[in-house]
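Written below as structure tokens is the structure these notes are about.
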Amino acid sequence: MLVIELNEFNPDYLKREAYKLNLKNILFFLNFKHSYTFTKEEKEHHGLDPWVQWVSIHSGRPFSEHKIGRLGQTKIQNNAQIWNRLSNINSTQWGVWGVMNAPCGGSMGRNFFVPDPWSFDEEAYPEELNDFLSLPKYIAKNYLSPIKKELLSSGLITLNFVLRNLGYGLNRKIFRQFVKAIYTTGINIHSLTTLMDYASCLYFLKFSKSYNNDFKIIFLNHLAHLQHHFWNLDDLSSQMKFGLIICDQILGEIKKDIKPDESIIILNGIRQINVAQKGHFVYRQKDPLNFIRNICPVFCKVEQNMTHDGFLLFKNSLDLDKAEKLLKNIKLKIKKNKLLFIEKIDKKTLFYQLDVYEKIDAKEKILLPDKEIEFFEYLEVVAERTGAHIQIGDIFSRNIDFPDKIENHEVFKYIENNFLEKSNM
């Protein structure tokens, strides 16, 4: 079985643009049998998020049970993942690449495992795949305040992995797309995210050919990223067009390796809908460490997560309690609303997230107990969002049956049943 986790894609939009651009590989997969998924979570950043919904899919538990609400929380997950479950009941051999917010779990049946770049507690297997992740992990954790020496060092480690894996014409293909990006979109975080998925696909396929896998997953995130930033209903931007073409090429590479009787699932976890020009603004910290040092007098270690959130690690619970009380009550002077959403993770760890999603006045200030600071000295607008999460998701499947509509966590059960049925034949 092959599972393609194409995060958050909107099938109506994807199919429409695929017809316009003659992207035959996308249309091939979207012509599979279609089912809907759904989740009971209703609010973005509080459950209606991919790092929550993929945990439900992989563990077979709804959010109300697994309670994993933040990206990077793999260490505390104790539910068997679907690949662990299959290996336990059916001696399944598996290879999993790039899965979001998921622990490897047990090693039984494992041929390879690659976590997402934000899962800092997870190691890849075999060990050499950690070299592939070196640069993506560094960028994910230090995106807003990289240290040049560390960036170069992690980049060289990843480059060394690339040079060691020259077979199958992989690097030639990656270089060709890199050059295409230079001339069509320029090299930026958006095109690099797209190229990262392309490279991941090629190496996933290479490692898949080295093992006899019964069950495989590849996770792809670039369409989710592009829909959030470049989903214009009236005009197809060069960035989105490049992403769609690369998506088609990724699916084309995968399609070439599919066996005639293989069960295929392509799903999105949750959909996005278009919210362009509806006032959905995204802000980020210019420098997370500098930002926290200026709003929180209690010393803590800052671990960047996404561009607008992170974790604060304190020496003891007393320091955490003091900081939590302070940070929860920081407000904006003009808007009056609170600046941050704060959540206590454990006795020494706080999660913080910018809780600002509307257009902010250029004169806005952040009110602290002893001073006022300029909002835009420490924070900046990323963009007005064009895509937002909704409760509905999608499954396109071949050689495996799903009901017309199921909850996300029930996907686990139908994959498990499919393997049990085949083993009893």
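By convention here, the chains of the structure tokens are called A, B, ... in the order presented, each chain's residues are numbered starting at 1, and ligands are numbered starting at 1 in the order presented.
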message: Report as a ChimeraX atom specification all protein, DNA and RNA residues lying within 9 Å of segment 368-371 of chain A, evaluated on only C-alpha atoms, omitting residues in the same chain fewer than 6 positions from it.
response: /A:295,326,329-331
Kindly export the residues of the current selection with N, CA, C and O atoms, as a short mmCIF file (atom, residue, chain, number, x, y, z; two decimals), in the first residue's frame.
data_model
loop_
_atom_site.label_atom_id
_atom_site.label_comp_id
_atom_site.auth_asym_id
_atom_site.auth_seq_id
_atom_site.Cartn_x
_atom_site.Cartn_y
_atom_site.Cartn_z
N ILE A 295 9.84 41.40 25.94
CA ILE A 295 8.51 41.38 26.55
C ILE A 295 8.46 40.52 27.82
O ILE A 295 7.47 40.56 28.55
N LEU A 326 2.49 37.13 33.34
CA LEU A 326 2.84 38.37 32.64
C LEU A 326 2.44 38.30 31.16
O LEU A 326 1.78 39.20 30.63
N ASN A 329 -1.21 38.61 29.87
CA ASN A 329 -1.90 39.90 30.03
C ASN A 329 -1.32 41.03 29.19
O ASN A 329 -1.70 42.18 29.36
N ILE A 330 -0.41 40.71 28.27
CA ILE A 330 0.13 41.74 27.39
C ILE A 330 -0.91 42.08 26.33
O ILE A 330 -1.44 41.19 25.65
N LYS A 331 -1.18 43.39 26.18
CA LYS A 331 -2.22 43.83 25.24
C LYS A 331 -1.67 44.85 24.25
O LYS A 331 -0.60 45.43 24.45
#
Spatial neighbours of segment 109-112 of chain A, 12 Å, only C-alpha atoms, chain gap at least 5 places, as number ranges by chain: A: 82-98, 104, 123-130, 203-218
- prompt: Counting only C-alpha atoms, which of A:Asn418, A:Asn274, A:Ser238, A:Gln73 gets nearest to Asp346 of chain A?
  reply: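 For Asp346 of chain A, the nearest of the candidates is A:Gln73.
Backbone DSSP of segment 138-316 of chain A yields strand (DSSP E) at Phe215, Lys216, Ile217, Ile218, Phe219, Leu220, Ile264, Ile265, Ile266, Leu267, Gln272, Ile273, Asn274, Phe281, Val282, Tyr283, Arg284, Gln285, Lys301, Val302, Glu303, Gln304, Asp309, Gly310, Phe311, Leu312 and Leu313 of chain A.
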Residues from last step as file, N, CA, C and O atoms, as a compact mmCIF listing (two decimals), in the first residue's frame:
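Contents of again36.txt, as written:
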# COMPACT_ATOMS: atom_id res chain seq x y z
N PHE A 215 4.16 -1.34 3.13
CA PHE A 215 3.40 -0.12 3.45
C PHE A 215 4.34 1.08 3.38
O PHE A 215 5.42 1.07 3.97
N LYS A 216 3.92 2.12 2.63
CA LYS A 216 4.76 3.30 2.44
C LYS A 216 3.92 4.56 2.59
O LYS A 216 2.76 4.59 2.15
N ILE A 217 4.51 5.59 3.17
CA ILE A 217 3.87 6.91 3.26
C ILE A 217 4.89 7.96 2.82
O ILE A 217 6.06 7.92 3.21
N ILE A 218 4.42 8.92 2.01
CA ILE A 218 5.20 10.12 1.76
C ILE A 218 4.32 11.33 2.04
O ILE A 218 3.15 11.37 1.62
N PHE A 219 4.87 12.28 2.79
CA PHE A 219 4.15 13.51 3.16
C PHE A 219 4.72 14.66 2.34
O PHE A 219 5.93 14.84 2.25
N LEU A 220 3.82 15.47 1.75
CA LEU A 220 4.21 16.60 0.91
C LEU A 220 3.47 17.85 1.37
O LEU A 220 2.25 17.82 1.56
N ILE A 264 -3.74 2.31 -3.27
CA ILE A 264 -3.24 3.69 -3.26
C ILE A 264 -4.22 4.58 -2.52
O ILE A 264 -5.44 4.50 -2.74
N ILE A 265 -3.70 5.43 -1.65
CA ILE A 265 -4.51 6.43 -0.96
C ILE A 265 -3.82 7.78 -1.10
O ILE A 265 -2.62 7.90 -0.84
N ILE A 266 -4.56 8.80 -1.52
CA ILE A 266 -4.05 10.17 -1.49
C ILE A 266 -5.04 11.00 -0.68
O ILE A 266 -6.24 10.98 -0.96
N LEU A 267 -4.57 11.66 0.36
CA LEU A 267 -5.45 12.40 1.25
C LEU A 267 -4.80 13.69 1.72
O LEU A 267 -3.58 13.86 1.62
N GLN A 272 -8.14 23.39 2.62
CA GLN A 272 -8.20 24.84 2.75
C GLN A 272 -9.30 25.36 1.84
O GLN A 272 -9.63 24.75 0.82
N ILE A 273 -9.88 26.51 2.24
CA ILE A 273 -10.76 27.27 1.36
C ILE A 273 -10.13 28.63 1.10
O ILE A 273 -9.28 29.10 1.87
N ASN A 274 -10.54 29.25 0.01
CA ASN A 274 -9.97 30.54 -0.37
C ASN A 274 -10.54 31.66 0.50
O ASN A 274 -11.76 31.79 0.65
N PHE A 281 -4.85 38.29 8.13
CA PHE A 281 -3.43 38.67 8.12
C PHE A 281 -2.59 37.73 8.98
O PHE A 281 -3.06 37.19 9.98
N VAL A 282 -1.34 37.54 8.55
CA VAL A 282 -0.39 36.71 9.28
C VAL A 282 0.81 37.57 9.67
O VAL A 282 1.39 38.25 8.81
N TYR A 283 1.16 37.53 10.95
CA TYR A 283 2.31 38.28 11.46
C TYR A 283 3.37 37.31 11.97
O TYR A 283 3.07 36.17 12.33
N ARG A 284 4.60 37.77 12.00
CA ARG A 284 5.68 36.93 12.51
C ARG A 284 6.67 37.77 13.30
O ARG A 284 6.73 39.00 13.16
N GLN A 285 7.44 37.09 14.10
CA GLN A 285 8.51 37.74 14.86
C GLN A 285 9.69 38.02 13.90
O GLN A 285 10.04 37.16 13.11
N LYS A 301 14.88 29.84 27.77
CA LYS A 301 15.41 29.46 26.47
C LYS A 301 14.27 29.51 25.47
O LYS A 301 13.14 29.08 25.76
N VAL A 302 14.54 30.07 24.29
CA VAL A 302 13.51 30.23 23.28
C VAL A 302 13.74 29.24 22.15
O VAL A 302 14.83 29.21 21.55
N GLU A 303 12.73 28.41 21.86
CA GLU A 303 12.80 27.48 20.74
C GLU A 303 11.75 27.87 19.71
O GLU A 303 10.54 27.72 19.95
N GLN A 304 12.21 28.41 18.60
CA GLN A 304 11.29 28.80 17.53
C GLN A 304 10.59 27.58 16.97
O GLN A 304 11.20 26.52 16.80
N ASP A 309 5.14 31.42 16.42
CA ASP A 309 5.00 30.78 17.72
C ASP A 309 6.28 30.04 18.10
O ASP A 309 7.25 29.98 17.35
N GLY A 310 6.27 29.46 19.30
CA GLY A 310 7.44 28.74 19.76
C GLY A 310 7.24 28.26 21.19
O GLY A 310 6.16 28.39 21.77
N PHE A 311 8.30 27.70 21.76
CA PHE A 311 8.27 27.20 23.13
C PHE A 311 9.27 27.98 23.98
O PHE A 311 10.37 28.31 23.52
N LEU A 312 8.90 28.26 25.23
CA LEU A 312 9.77 28.92 26.19
C LEU A 312 10.11 27.91 27.28
O LEU A 312 9.21 27.33 27.91
N LEU A 313 11.39 27.68 27.49
CA LEU A 313 11.86 26.67 28.45
C LEU A 313 12.47 27.37 29.66
O LEU A 313 13.47 28.09 29.54
- prompt: Leaving out segment 43-51 of chain A and any residue of its chain fewer than 4 positions from it, which residues lie within 10 Å of it when counting only C-alpha atoms, given as a ChimeraX atom specification?
  reply: /A:7-8,39,55-56,63-64,67-73,99-102,224,268-271,341,353,355,388-391
message: Just list as number ranges by chain whatever in segment 164-335 of chain A DSSP marks as helix (DSSP H, G or I).
response: A: 164, 167-184, 189-209, 222-230, 238-256, 288-295, 317-328
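With only C-alpha atoms as the atoms that count, the residue of A:Leu195, A:Asn221, A:Leu144, A:Thr349 with the shortest distance to Pro117 of chain A is A:Asn221.
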query: Of the candidates A:Phe376, A:Phe396, A:Tyr138, A:Tyr414, which one gets nearest to Glu5 of chain A if we count only C-alpha atoms?
result: A:Phe396
query: Using only C-alpha atoms, which of the listed residues (A:Val3, A:Leu202, A:Ser154, A:Tyr13) sits closest to Leu233 of chain A?
result: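 Ranking A:Val3, A:Leu202, A:Ser154, A:Tyr13 by distance to Leu233 of chain A, first place goes to A:Tyr13.
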task: Please provide the set of residues having any atom within 10 Å of Val275 of chain A, restricted to only C-alpha atoms, with same-chain residues fewer than 3 positions apart removed, written as a PyMOL selection string.
output: chain A and resi 227-228+231-233+272+278-280+384-389
Write the selection just made, keeping C-alpha atoms, as a tab-separated table (two decimals), in the first residue's frame?
chain	number	residue	atom	x	y	z
A	227	GLN	CA	-2.44	27.98	-0.97
A	228	HIS	CA	-1.93	29.97	2.23
A	231	TRP	CA	-4.22	31.34	-3.97
A	232	ASN	CA	-5.69	33.99	-6.22
A	233	LEU	CA	-8.93	32.94	-7.89
A	272	GLN	CA	-8.20	24.84	2.75
A	278	LYS	CA	-11.03	38.87	3.47
A	279	GLY	CA	-8.68	40.37	6.05
A	280	HIS	CA	-6.86	37.25	7.26
A	384	GLU	CA	-2.71	38.59	3.88
A	385	ARG	CA	-3.63	34.92	3.83
A	386	THR	CA	-5.33	33.41	0.81
A	387	GLY	CA	-6.14	29.98	2.27
A	388	ALA	CA	-7.66	28.91	5.61
A	389	HIS	CA	-8.42	25.50	7.16
